[in-house]
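File shown: target_36.csv (CSV, C-alpha atoms).
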```csv
chain,number,residue,atom,x,y,z
A,1,MET,CA,-6.9,-20.3,-17.7
A,2,GLY,CA,-8.8,-22.7,-15.4
A,3,ARG,CA,-10.7,-21.6,-12.4
A,4,MET,CA,-8.4,-20.9,-9.4
A,5,ARG,CA,-9.0,-20.6,-5.7
A,6,ILE,CA,-6.9,-17.6,-4.6
A,7,ALA,CA,-6.5,-16.9,-0.9
A,8,GLN,CA,-5.5,-13.4,0.2
A,9,LEU,CA,-4.2,-12.9,3.7
A,10,ALA,CA,-3.4,-9.7,5.6
A,11,ASN,CA,-3.0,-8.1,8.9
A,12,PHE,CA,-3.6,-4.4,9.7
A,13,VAL,CA,-6.8,-4.0,7.7
A,14,GLY,CA,-9.7,-2.2,9.3
A,15,PRO,CA,-12.6,0.2,8.7
A,16,THR,CA,-10.3,3.2,8.3
A,17,SER,CA,-7.4,1.4,6.5
A,18,GLY,CA,-5.8,3.1,3.6
A,19,GLY,CA,-3.8,1.9,0.6
A,20,MET,CA,-3.2,-1.7,1.4
A,21,LYS,CA,-6.9,-2.4,2.0
A,22,VAL,CA,-7.7,-0.7,-1.4
A,23,VAL,CA,-5.1,-2.9,-3.2
A,24,ILE,CA,-6.5,-6.1,-1.6
A,25,GLU,CA,-10.1,-5.2,-2.4
A,26,GLN,CA,-9.4,-4.2,-6.0
A,27,LEU,CA,-7.4,-7.3,-6.7
A,28,GLY,CA,-9.9,-9.5,-4.9
A,29,GLN,CA,-12.8,-8.1,-6.8
A,30,GLY,CA,-10.9,-8.5,-10.0
A,31,TYR,CA,-10.3,-12.2,-9.3
A,32,VAL,CA,-14.0,-12.7,-8.6
A,33,ASP,CA,-15.0,-10.8,-11.8
A,34,ALA,CA,-12.7,-13.1,-13.8
A,35,GLY,CA,-14.5,-16.1,-12.5
A,36,HIS,CA,-12.2,-17.3,-9.8
A,37,THR,CA,-12.9,-18.1,-6.1
A,38,ARG,CA,-11.4,-15.5,-3.7
A,39,ILE,CA,-10.9,-16.2,0.0
A,40,PHE,CA,-9.8,-13.2,2.1
A,41,VAL,CA,-8.4,-14.0,5.5
A,42,PHE,CA,-8.0,-11.1,7.9
A,43,PRO,CA,-8.0,-10.3,11.7
A,44,GLY,CA,-11.3,-9.5,13.3
A,45,ALA,CA,-13.1,-9.3,16.6
A,46,ARG,CA,-14.5,-12.9,16.2
A,47,ASP,CA,-14.2,-16.0,14.0
A,48,GLU,CA,-16.6,-15.5,11.1
A,49,VAL,CA,-17.2,-16.6,7.5
A,50,VAL,CA,-19.2,-14.5,5.2
A,51,GLU,CA,-19.9,-15.4,1.6
A,52,SER,CA,-20.5,-12.3,-0.5
A,53,GLU,CA,-20.2,-10.9,-4.0
A,54,ALA,CA,-16.6,-10.0,-3.1
A,55,GLY,CA,-15.8,-13.7,-2.3
A,56,ILE,CA,-15.5,-15.7,0.9
A,57,LEU,CA,-14.5,-13.3,3.7
A,58,VAL,CA,-13.0,-15.1,6.7
A,59,SER,CA,-12.4,-13.1,9.9
A,60,VAL,CA,-9.9,-14.7,12.3
A,61,ARG,CA,-10.3,-13.7,16.0
A,62,ALA,CA,-7.3,-11.5,16.8
A,63,PRO,CA,-6.4,-8.9,19.4
A,64,LYS,CA,-6.1,-5.1,18.8
A,65,VAL,CA,-2.6,-3.7,18.5
A,66,SER,CA,-3.9,-0.1,18.2
A,67,GLU,CA,-7.2,1.7,18.1
A,68,GLN,CA,-7.5,1.0,14.4
A,69,TYR,CA,-5.8,-2.3,13.8
A,70,ARG,CA,-5.8,-6.0,14.8
A,71,MET,CA,-3.1,-8.6,14.2
A,72,ILE,CA,-3.2,-12.4,13.9
A,73,PHE,CA,-0.6,-13.4,16.5
A,74,GLN,CA,-1.4,-17.1,16.3
A,75,PRO,CA,-0.6,-17.9,12.6
A,76,TRP,CA,-1.9,-21.5,13.0
A,77,ARG,CA,-5.4,-20.0,13.1
A,78,ALA,CA,-5.0,-18.6,9.6
A,79,LEU,CA,-3.4,-21.9,8.5
A,80,ASP,CA,-6.4,-23.8,9.7
A,81,VAL,CA,-8.6,-21.6,7.5
A,82,LEU,CA,-6.4,-22.4,4.5
A,83,ASP,CA,-6.6,-26.1,5.2
A,84,ARG,CA,-10.4,-25.7,5.3
A,85,PHE,CA,-10.8,-23.8,2.0
A,86,ARG,CA,-7.9,-25.5,0.1
A,87,PRO,CA,-6.7,-22.6,-2.2
A,88,THR,CA,-4.7,-23.3,-5.3
A,89,SER,CA,-2.5,-20.3,-4.5
A,90,VAL,CA,-2.0,-17.8,-1.7
A,91,GLU,CA,-1.2,-14.1,-1.7
A,92,VAL,CA,0.1,-12.7,1.6
A,93,SER,CA,0.2,-9.0,2.3
A,94,ASP,CA,2.2,-9.3,5.6
A,95,LYS,CA,5.8,-9.9,6.4
A,96,TRP,CA,5.3,-10.6,10.1
A,97,THR,CA,3.0,-13.2,11.7
A,98,LEU,CA,1.5,-14.5,8.5
A,99,SER,CA,4.9,-15.3,6.9
A,100,PRO,CA,4.5,-19.0,7.9
A,101,VAL,CA,1.9,-19.2,5.1
A,102,GLY,CA,4.9,-19.6,2.7
A,103,ARG,CA,6.0,-22.8,4.4
A,104,TRP,CA,2.4,-24.0,4.6
A,105,ALA,CA,2.1,-23.6,0.9
A,106,ALA,CA,5.4,-25.3,0.0
A,107,LYS,CA,4.4,-28.4,2.0
A,108,ARG,CA,1.1,-28.6,0.0
A,109,SER,CA,2.4,-27.8,-3.4
A,110,VAL,CA,0.4,-24.5,-3.4
A,111,GLY,CA,1.7,-21.4,-5.2
A,112,SER,CA,2.7,-18.6,-2.8
A,113,VAL,CA,3.0,-14.9,-3.4
A,114,LEU,CA,4.3,-12.3,-1.0
A,115,PHE,CA,2.9,-8.9,-1.8
A,116,SER,CA,5.4,-6.4,-0.6
A,117,HIS,CA,3.5,-3.2,0.4
A,118,GLU,CA,6.3,-1.5,2.3
A,119,ARG,CA,10.1,-1.3,2.3
A,120,LEU,CA,10.8,-2.5,5.8
A,121,SER,CA,14.3,-0.9,6.1
A,122,ASP,CA,13.0,2.6,5.6
A,123,MET,CA,9.6,2.2,7.3
A,124,LEU,CA,11.2,0.7,10.4
A,125,ALA,CA,13.9,3.4,10.5
A,126,MET,CA,11.2,6.1,10.2
A,127,TRP,CA,8.9,4.4,12.7
A,128,ALA,CA,11.7,3.9,15.3
A,129,ARG,CA,13.3,7.3,14.3
A,130,ARG,CA,16.7,5.7,14.1
A,131,SER,CA,18.4,3.5,11.5
A,132,PHE,CA,21.1,1.8,13.6
A,133,GLY,CA,20.7,-2.0,13.3
A,134,VAL,CA,17.7,-1.9,11.0
A,135,GLU,CA,19.4,-2.8,7.7
A,136,ALA,CA,21.0,-6.0,9.0
A,137,ALA,CA,17.8,-7.2,10.6
A,138,VAL,CA,15.7,-6.4,7.6
A,139,GLY,CA,18.2,-8.0,5.2
A,140,ALA,CA,18.1,-11.3,7.1
A,141,LEU,CA,14.2,-11.2,7.2
A,142,ASN,CA,14.0,-10.5,3.4
A,143,ARG,CA,16.4,-13.4,2.6
A,144,ARG,CA,14.2,-15.7,4.6
A,145,LEU,CA,11.0,-14.5,3.0
A,146,ALA,CA,12.6,-14.8,-0.5
A,147,LYS,CA,13.2,-18.5,0.2
A,148,GLU,CA,9.8,-19.2,1.7
A,149,PHE,CA,7.6,-17.7,-1.1
A,150,ASP,CA,7.5,-18.7,-4.7
A,151,ALA,CA,7.4,-15.0,-5.8
A,152,VAL,CA,7.6,-11.6,-4.3
A,153,VAL,CA,5.5,-8.9,-5.9
A,154,VAL,CA,6.9,-5.3,-5.7
A,155,THR,CA,5.2,-2.2,-7.0
A,156,SER,CA,8.2,0.0,-7.9
A,157,GLN,CA,11.9,-0.2,-8.6
A,158,PHE,CA,12.4,1.4,-5.3
A,159,ALA,CA,10.6,-1.5,-3.6
A,160,ALA,CA,12.5,-4.0,-5.7
A,161,ASP,CA,15.9,-2.7,-4.6
A,162,GLU,CA,15.3,-3.9,-1.0
A,163,PHE,CA,15.2,-7.5,-2.3
A,164,ALA,CA,18.4,-7.2,-4.3
A,165,GLN,CA,20.8,-10.2,-3.7
A,166,THR,CA,18.1,-12.1,-1.7
A,167,GLY,CA,17.5,-14.6,-4.5
A,168,ALA,CA,13.8,-13.6,-4.6
A,169,ARG,CA,11.8,-14.2,-7.7
A,170,LEU,CA,10.6,-10.7,-8.2
A,171,GLU,CA,7.5,-9.6,-10.1
A,172,LEU,CA,7.2,-5.9,-10.7
A,173,ALA,CA,3.5,-5.0,-10.7
A,174,PRO,CA,2.7,-1.3,-10.5
A,175,LEU,CA,-0.7,-0.7,-8.9
A,176,GLY,CA,-3.7,1.0,-10.5
A,177,VAL,CA,-6.2,3.7,-9.8
A,178,ASP,CA,-10.0,3.8,-10.1
A,179,LEU,CA,-10.1,6.2,-13.0
A,180,ALA,CA,-13.9,6.5,-12.9
A,181,THR,CA,-14.2,7.6,-9.2
A,182,PHE,CA,-11.0,9.7,-9.2
A,183,HIS,CA,-11.7,12.0,-12.0
A,184,PRO,CA,-11.4,15.8,-12.7
A,185,SER,CA,-15.2,16.0,-12.7
A,186,ALA,CA,-15.2,15.3,-9.0
A,187,GLY,CA,-14.5,18.9,-8.3
A,188,SER,CA,-12.1,21.8,-8.8
A,189,PRO,CA,-10.2,24.3,-6.6
A,190,ALA,CA,-12.0,27.6,-5.7
A,191,ASP,CA,-10.5,30.6,-7.4
A,192,ASP,CA,-10.0,32.7,-4.2
A,193,GLY,CA,-6.3,33.4,-4.2
A,194,VAL,CA,-5.5,30.8,-1.6
A,195,LEU,CA,-3.1,28.0,-2.6
A,196,LYS,CA,-4.8,24.8,-1.4
A,197,PHE,CA,-3.0,21.6,-0.5
A,198,CYS,CA,-4.2,18.2,0.6
A,199,TYR,CA,-2.5,15.3,2.3
A,200,VAL,CA,-4.3,11.9,2.2
A,201,GLY,CA,-2.9,9.2,4.5
A,202,ARG,CA,-2.2,7.9,7.9
A,203,LEU,CA,-1.1,10.5,10.5
A,204,SER,CA,1.9,8.5,11.7
A,205,HIS,CA,5.5,9.5,11.3
A,206,GLU,CA,6.4,6.5,9.0
A,207,LYS,CA,4.1,8.2,6.4
A,208,SER,CA,5.8,11.6,6.8
A,209,PRO,CA,2.8,13.9,7.5
A,210,GLN,CA,5.2,16.0,9.5
A,211,LEU,CA,7.1,16.8,6.3
A,212,ALA,CA,3.8,17.9,4.6
A,213,VAL,CA,2.9,20.2,7.5
A,214,ALA,CA,6.4,21.6,7.7
A,215,THR,CA,6.4,22.3,3.9
A,216,VAL,CA,3.2,24.3,4.1
A,217,ALA,CA,4.4,26.1,7.2
A,218,GLU,CA,7.5,27.1,5.3
A,219,LEU,CA,5.4,28.4,2.4
A,220,HIS,CA,3.3,30.3,4.9
A,221,ARG,CA,6.5,31.8,6.4
A,222,ARG,CA,7.6,32.9,2.9
A,223,GLY,CA,4.4,34.9,2.6
A,224,HIS,CA,2.2,32.7,0.4
A,225,ARG,CA,-1.5,32.5,1.1
A,226,VAL,CA,-1.9,28.7,1.8
A,227,ARG,CA,-4.2,26.1,3.3
A,228,LEU,CA,-3.5,22.5,4.0
A,229,ASP,CA,-6.2,19.9,4.7
A,230,LEU,CA,-5.1,16.6,6.1
A,231,TYR,CA,-7.4,13.6,5.5
A,232,GLY,CA,-6.7,10.6,7.7
A,233,THR,CA,-6.3,9.5,11.3
A,234,GLY,CA,-3.3,8.4,13.4
A,235,PRO,CA,-1.3,8.8,16.6
A,236,ASP,CA,0.7,11.9,15.5
A,237,GLN,CA,-2.2,14.4,15.2
A,238,ALA,CA,-1.3,16.3,18.4
A,239,GLU,CA,2.3,16.5,17.4
A,240,LEU,CA,1.3,17.8,13.9
A,241,GLN,CA,-1.0,20.4,15.4
A,242,ALA,CA,1.8,21.7,17.5
A,243,ALA,CA,4.3,21.7,14.5
A,244,ALA,CA,1.8,23.7,12.4
A,245,GLY,CA,2.0,26.7,14.7
A,246,ASP,CA,0.0,29.5,13.2
A,247,ALA,CA,0.0,28.1,9.7
A,248,PRO,CA,-3.5,27.4,8.3
A,249,VAL,CA,-3.5,23.6,8.7
A,250,PHE,CA,-6.8,21.7,9.1
A,251,PHE,CA,-7.3,18.1,10.3
A,252,GLN,CA,-10.3,16.7,8.6
A,253,GLY,CA,-10.1,13.1,10.0
A,254,PHE,CA,-11.1,10.0,8.1
A,255,VAL,CA,-13.3,10.6,5.1
A,256,ALA,CA,-15.7,7.8,4.4
A,257,GLY,CA,-16.5,6.8,0.8
A,258,ARG,CA,-14.1,7.0,-2.1
A,259,PRO,CA,-16.3,9.5,-4.1
A,260,GLU,CA,-16.0,12.0,-1.2
A,261,VAL,CA,-12.3,11.5,-1.0
A,262,ALA,CA,-12.0,12.2,-4.7
A,263,LYS,CA,-14.1,15.4,-4.3
A,264,ARG,CA,-11.7,16.6,-1.5
A,265,ILE,CA,-8.6,15.8,-3.6
A,266,ALA,CA,-10.0,17.5,-6.7
A,267,ALA,CA,-10.7,20.7,-4.7
A,268,ALA,CA,-6.9,21.1,-4.0
A,269,ASP,CA,-4.4,22.9,-6.2
A,270,ILE,CA,-1.6,20.5,-5.2
A,271,SER,CA,-1.4,17.2,-3.4
A,272,LEU,CA,1.5,16.6,-1.0
A,273,SER,CA,2.7,13.0,-1.0
A,274,VAL,CA,6.2,13.5,0.4
A,275,CYS,CA,7.1,10.3,2.2
A,276,PRO,CA,10.6,9.3,1.0
A,277,ALA,CA,10.0,5.7,2.1
A,278,GLU,CA,6.8,5.1,0.1
A,279,THR,CA,7.0,2.0,-2.2
A,280,PHE,CA,4.3,3.2,-4.5
A,281,GLY,CA,1.8,5.8,-3.4
A,282,LEU,CA,-1.9,5.1,-4.2
A,283,ALA,CA,-2.6,8.6,-3.0
A,284,VAL,CA,-0.4,9.9,-5.7
A,285,LEU,CA,-2.3,8.2,-8.5
A,286,GLU,CA,-5.6,9.2,-7.0
A,287,ALA,CA,-4.6,12.8,-7.0
A,288,LEU,CA,-3.2,12.7,-10.5
A,289,ALA,CA,-6.4,11.0,-11.7
A,290,CYS,CA,-8.4,13.9,-10.2
A,291,GLY,CA,-6.2,16.3,-12.2
A,292,THR,CA,-4.4,17.5,-9.1
A,293,PRO,CA,-0.7,17.8,-9.6
A,294,VAL,CA,1.6,16.2,-6.9
A,295,VAL,CA,4.7,17.4,-5.1
A,296,THR,CA,6.7,14.4,-3.8
A,297,SER,CA,10.1,13.6,-2.4
A,298,ASN,CA,12.8,12.9,-4.9
A,299,ARG,CA,13.3,9.5,-3.3
A,300,GLY,CA,10.9,6.6,-3.1
A,301,GLY,CA,8.3,4.8,-5.2
A,302,ALA,CA,6.0,7.7,-5.3
A,303,HIS,CA,8.6,9.7,-7.2
A,304,GLU,CA,8.5,7.1,-10.0
A,305,LEU,CA,4.9,8.0,-10.6
A,306,VAL,CA,5.3,11.8,-10.9
A,307,ASP,CA,7.1,13.2,-13.9
A,308,ALA,CA,7.9,16.8,-14.9
A,309,THR,CA,4.5,17.2,-16.7
A,310,SER,CA,2.4,16.1,-13.7
A,311,GLY,CA,4.1,17.6,-10.6
A,312,ALA,CA,7.5,18.3,-9.0
A,313,ALA,CA,9.9,16.8,-6.5
A,314,GLY,CA,12.4,18.0,-4.0
A,315,ARG,CA,14.7,16.6,-1.4
A,316,PRO,CA,12.8,15.4,1.7
A,317,ASP,CA,13.1,18.6,3.7
A,318,PRO,CA,10.7,21.5,4.0
A,319,ALA,CA,12.8,24.1,2.2
A,320,SER,CA,13.4,21.9,-0.8
A,321,LEU,CA,9.8,20.8,-1.1
A,322,ALA,CA,8.6,24.4,-0.7
A,323,ASP,CA,11.0,25.3,-3.6
A,324,ALA,CA,9.3,22.4,-5.6
A,325,VAL,CA,5.9,23.9,-4.9
A,326,GLU,CA,7.0,27.4,-6.0
A,327,SER,CA,8.4,25.9,-9.3
A,328,LEU,CA,4.8,24.7,-10.0
A,329,LEU,CA,3.0,27.9,-9.4
A,330,PRO,CA,3.5,29.4,-12.9
A,331,ARG,CA,2.1,26.3,-14.4
A,332,LEU,CA,-1.1,25.8,-12.3
A,333,GLY,CA,-4.1,25.7,-14.4
A,334,PRO,CA,-6.1,23.5,-16.9
A,335,GLY,CA,-3.0,22.4,-18.8
A,336,LEU,CA,-1.2,21.0,-15.7
A,337,ARG,CA,-4.4,19.4,-14.5
A,338,ALA,CA,-4.9,17.7,-17.9
A,339,ALA,CA,-1.3,16.4,-17.8
A,340,ALA,CA,-1.8,15.0,-14.3
A,341,ARG,CA,-4.9,13.1,-15.5
A,342,ALA,CA,-3.0,11.8,-18.5
A,343,ARG,CA,-0.3,10.5,-16.3
A,344,ALA,CA,-2.8,8.6,-14.1
A,345,GLU,CA,-4.5,7.0,-17.2
A,346,ARG,CA,-1.3,5.0,-17.7
A,347,TYR,CA,-2.3,3.0,-14.5
A,348,PRO,CA,-5.6,1.2,-14.9
A,349,TRP,CA,-6.4,-1.4,-12.3
A,350,GLN,CA,-7.2,-4.0,-14.9
A,351,ARG,CA,-3.6,-4.1,-16.0
A,352,THR,CA,-2.5,-5.0,-12.4
A,353,ILE,CA,-5.3,-7.5,-12.0
A,354,ASP,CA,-4.4,-9.3,-15.3
A,355,GLN,CA,-0.7,-9.4,-14.3
A,356,MET,CA,-1.5,-10.9,-10.9
A,357,LEU,CA,-3.9,-13.4,-12.4
A,358,ALA,CA,-1.2,-14.5,-14.8
A,359,LEU,CA,1.3,-14.9,-11.9
A,360,HIS,CA,-1.2,-17.0,-9.9
A,361,HIS,CA,-1.9,-19.1,-12.9
A,362,GLN,CA,1.8,-19.6,-13.6
A,363,LEU,CA,2.5,-20.7,-10.1
A,364,SER,CA,-0.5,-23.1,-10.0
A,365,GLU,CA,1.0,-24.7,-13.1
A,366,GLU,CA,4.4,-25.3,-11.5
A,367,ILE,CA,3.2,-28.0,-9.2
A,368,PRO,CA,6.0,-30.6,-10.1
A,369,TYR,CA,8.7,-28.0,-9.3
A,370,ARG,CA,7.1,-27.0,-6.0
A,371,SER,CA,6.4,-30.6,-5.0
A,372,LEU,CA,10.1,-31.4,-5.3
A,373,ARG,CA,11.1,-28.2,-3.5
A,374,GLY,CA,8.6,-29.0,-0.7
A,375,PHE,CA,10.0,-32.5,-0.4
A,376,ALA,CA,13.5,-31.1,-0.1
A,377,ARG,CA,12.4,-28.7,2.6
A,378,ARG,CA,10.7,-31.4,4.6
A,379,ARG,CA,13.9,-33.5,4.5
A,380,GLY,CA,15.9,-30.5,5.6
A,381,GLU,CA,13.5,-29.9,8.5
A,382,SER,CA,13.6,-33.4,9.7
```

Mind converting the file's structure to structure tokens?
Amino acid sequence: MGRMRIAQLANFVGPTSGGMKVVIEQLGQGYVDAGHTRIFVFPGARDEVVESEAGILVSVRAPKVSEQYRMIFQPWRALDVLDRFRPTSVEVSDKWTLSPVGRWAAKRSVGSVLFSHERLSDMLAMWARRSFGVEAAVGALNRRLAKEFDAVVVTSQFAADEFAQTGARLELAPLGVDLATFHPSAGSPADDGVLKFCYVGRLSHEKSPQLAVATVAELHRRGHRVRLDLYGTGPDQAELQAAAGDAPVFFQGFVAGRPEVAKRIAAADISLSVCPAETFGLAVLEALACGTPVVTSNRGGAHELVDATSGAAGRPDPASLADAVESLLPRLGPGLRAAARARAERYPWQRTIDQMLALHHQLSEEIPYRSLRGFARRRGES
């Protein structure tokens, strides 16, 4: 495999970003460690280029869309960066303003990968709190994206289903977990008779923290001694605090440093990753790697990670998820924690990195095909 120049592009990455930032950084470092050039293009407060051990980091000046995130609203600014650094392939982690990168790549016979981090139909319905009109709009967008990118990477069968009948060239690439940082040795639950839960993720309704809080509140109502610690920030904290009522729910905010996150997860008896729209669930793998069993919804990509040996699942409602928790109680202990760890060990990051490198190499070798396709597109546009 010759040396490649792989450009990664993304919106919505910031100092307190969660899963998507972890994925981009892990893959990017893997590309660098394998001897390839990595260019990471992301929105920032100013235009800036920094060369580091993690590759060439290019900040594109972009406005804030929330307290945490920025978004590149002028895609030509990102395309100018690509023209400057001339990648052999591009990997786009955005379905909105950076989607023109697919057309840019086709015109230059550059391989293009769309990394699908979310299932838009479900995420938009949950964000808008309604589903009317979402399916048709998302279907049209996905058909367009399928035509504009050489390949679409999905991380679960649940995520793949959204691209059914779009004509997309799908690559199923489950993500990985840092098995050294997230390890049972990071900590263990205190034996004080309190059933301790953790939720790790953004406090925004498309991630379903409300469902985690409601599940623990239901267990509290049933008479269990419980405690829920939520790690993350987001716009829904006040709403969640009100929903918790008198249940022992604690908002710990953003936790800096992956080792500290691992310590907090390992100190829980059970991790709640209950979003039914999650396409994968890095928080699920991180919990399992710490030996912490997971309760999840019986729908979504996260459910594909949790089997009967490593956790439990229920319908995405508080009563059903509380039942799932109660089904785990007789099994809590070293055996269940060992089974959770064994489940996570099936997902090393190196496997994902190798699969993505093989895809980038394959696309970079398909130049004649893409040249003809780009010529046909240009004729169609003229």

Residues near Ile353 in chain A, anyone? I mean within 9 Å using all atoms listed in the file, not counting same-chain ones fewer than 3 positions away, as a short mmCIF file (atom, residue, chain, number, x, y, z; two decimals) with C-alpha atoms, in the frame of the given file.
```
data_model
loop_
_atom_site.label_atom_id
_atom_site.label_comp_id
_atom_site.auth_asym_id
_atom_site.auth_seq_id
_atom_site.Cartn_x
_atom_site.Cartn_y
_atom_site.Cartn_z
CA GLN A 26 -9.40 -4.20 -6.00
CA LEU A 27 -7.40 -7.30 -6.70
CA GLY A 28 -9.90 -9.50 -4.90
CA GLY A 30 -10.90 -8.50 -10.00
CA TYR A 31 -10.30 -12.20 -9.30
CA LEU A 175 -0.70 -0.70 -8.90
CA GLY A 176 -3.70 1.00 -10.50
CA TRP A 349 -6.40 -1.40 -12.30
CA GLN A 350 -7.20 -4.00 -14.90
CA MET A 356 -1.50 -10.90 -10.90
CA LEU A 357 -3.90 -13.40 -12.40
CA ALA A 358 -1.20 -14.50 -14.80
#
```

Do you have, as a tab-separated table, the list of residues of range 2-87 of chain A lying at most 9 Å from range 100-115 of chain A, each with its nearest atom pair and that distance in Å to one decimal, counting all atoms listed in the file and ordered by chain then number?
```
residue	atom	partner	partner_atom	distance
A:Leu9	CA	A:Val101	CA	8.9
A:Pro75	CA	A:Pro100	CA	7.0
A:Trp76	CA	A:Pro100	CA	8.6
A:Ala78	CA	A:Val101	CA	8.3
A:Leu79	CA	A:Val101	CA	6.9
A:Leu82	CA	A:Val101	CA	8.9
A:Pro87	CA	A:Val110	CA	7.4
```

Fill in: Distance criterion (only C-alpha atoms): nearest to Ala339 in chain A out of A:Pro184, A:Gly253, A:Arg46, A:Ser208
A:Pro184

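With distances restricted to only C-alpha atoms, A:Gly35 is the closest residue to Met4 in chain A from A:Gly35, A:Gly19, A:Gly187, A:Gly44.
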
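Shortest atom-to-atom contact with Arg258 in chain A among A:Glu171, A:Glu278, A:Asp178, A:Glu25: A:Asp178, counting all atoms listed in the file.
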
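Here the selection is built from all atoms listed in the file, and the residues within 12 Å of (-15.9, 10.9, -1.2) turn out to be Thr181, Phe182, His183, Ala186, Gly187, Tyr231, Phe254, Val255, Ala256, Gly257, Arg258, Pro259, Glu260, Val261, Ala262, Lys263, Arg264, Ile265, Ala266, Ala267 and Glu286 of chain A.
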
For Leu170 in chain A, find every residue with an atom within 10 Å (counting all atoms listed in the file), except residues of its own chain fewer than 5 positions away, and show them as a PDB file with C-alpha atoms, in the coordinates of the input.
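Full text of result_20.pdb as output:
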```pdb
ATOM      1  CA  VAL A 113       3.000 -14.900  -3.400  1.00  0.00           C
ATOM      2  CA  LEU A 114       4.300 -12.300  -1.000  1.00  0.00           C
ATOM      3  CA  ALA A 146      12.600 -14.800  -0.500  1.00  0.00           C
ATOM      4  CA  ASP A 150       7.500 -18.700  -4.700  1.00  0.00           C
ATOM      5  CA  ALA A 151       7.400 -15.000  -5.800  1.00  0.00           C
ATOM      6  CA  VAL A 152       7.600 -11.600  -4.300  1.00  0.00           C
ATOM      7  CA  VAL A 153       5.500  -8.900  -5.900  1.00  0.00           C
ATOM      8  CA  VAL A 154       6.900  -5.300  -5.700  1.00  0.00           C
ATOM      9  CA  ALA A 160      12.500  -4.000  -5.700  1.00  0.00           C
ATOM     10  CA  PHE A 163      15.200  -7.500  -2.300  1.00  0.00           C
ATOM     11  CA  ALA A 164      18.400  -7.200  -4.300  1.00  0.00           C
TER      12      ALA A 164
END
```

How would range 56-69 of chain A look written as a PDB file, in the first residue's frame with N, CA and C atoms?
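This went into selection-v5.pdb:
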```pdb
ATOM      1  N   ILE A  56      -1.787  17.179   9.860  1.00  0.00           N
ATOM      2  CA  ILE A  56      -1.976  18.594   9.526  1.00  0.00           C
ATOM      3  C   ILE A  56      -3.391  18.979   9.948  1.00  0.00           C
ATOM      4  N   LEU A  57      -3.494  19.855  10.928  1.00  0.00           N
ATOM      5  CA  LEU A  57      -4.792  20.256  11.482  1.00  0.00           C
ATOM      6  C   LEU A  57      -5.143  21.633  10.925  1.00  0.00           C
ATOM      7  N   VAL A  58      -6.235  21.714  10.187  1.00  0.00           N
ATOM      8  CA  VAL A  58      -6.612  22.950   9.494  1.00  0.00           C
ATOM      9  C   VAL A  58      -7.933  23.457  10.052  1.00  0.00           C
ATOM     10  N   SER A  59      -7.870  24.565  10.754  1.00  0.00           N
ATOM     11  CA  SER A  59      -9.062  25.217  11.282  1.00  0.00           C
ATOM     12  C   SER A  59      -9.584  26.211  10.244  1.00  0.00           C
ATOM     13  N   VAL A  60     -10.875  26.109   9.917  1.00  0.00           N
ATOM     14  CA  VAL A  60     -11.523  27.016   8.976  1.00  0.00           C
ATOM     15  C   VAL A  60     -12.442  27.944   9.766  1.00  0.00           C
ATOM     16  N   ARG A  61     -12.252  29.234   9.609  1.00  0.00           N
ATOM     17  CA  ARG A  61     -13.061  30.188  10.368  1.00  0.00           C
ATOM     18  C   ARG A  61     -14.548  29.974  10.107  1.00  0.00           C
ATOM     19  N   ALA A  62     -15.300  29.798  11.199  1.00  0.00           N
ATOM     20  CA  ALA A  62     -16.720  29.480  11.067  1.00  0.00           C
ATOM     21  C   ALA A  62     -17.464  29.989  12.292  1.00  0.00           C
ATOM     22  N   PRO A  63     -18.740  30.355  12.126  1.00  0.00           N
ATOM     23  CA  PRO A  63     -19.514  30.894  13.254  1.00  0.00           C
ATOM     24  C   PRO A  63     -19.982  29.799  14.205  1.00  0.00           C
ATOM     25  N   LYS A  64     -20.279  30.208  15.435  1.00  0.00           N
ATOM     26  CA  LYS A  64     -20.868  29.296  16.401  1.00  0.00           C
ATOM     27  C   LYS A  64     -22.342  29.080  16.089  1.00  0.00           C
ATOM     28  N   VAL A  65     -22.787  27.848  16.248  1.00  0.00           N
ATOM     29  CA  VAL A  65     -24.213  27.545  16.115  1.00  0.00           C
ATOM     30  C   VAL A  65     -24.813  27.168  17.467  1.00  0.00           C
ATOM     31  N   SER A  66     -23.961  27.002  18.461  1.00  0.00           N
ATOM     32  CA  SER A  66     -24.379  26.754  19.833  1.00  0.00           C
ATOM     33  C   SER A  66     -23.212  27.126  20.722  1.00  0.00           C
ATOM     34  N   GLU A  67     -23.402  26.979  22.018  1.00  0.00           N
ATOM     35  CA  GLU A  67     -22.313  27.300  22.942  1.00  0.00           C
ATOM     36  C   GLU A  67     -21.096  26.427  22.700  1.00  0.00           C
ATOM     37  N   GLN A  68     -21.327  25.188  22.242  1.00  0.00           N
ATOM     38  CA  GLN A  68     -20.241  24.225  22.093  1.00  0.00           C
ATOM     39  C   GLN A  68     -19.701  24.099  20.678  1.00  0.00           C
ATOM     40  N   TYR A  69     -20.534  24.332  19.663  1.00  0.00           N
ATOM     41  CA  TYR A  69     -20.182  23.901  18.319  1.00  0.00           C
ATOM     42  C   TYR A  69     -20.149  25.040  17.310  1.00  0.00           C
TER      43      TYR A  69
END
```
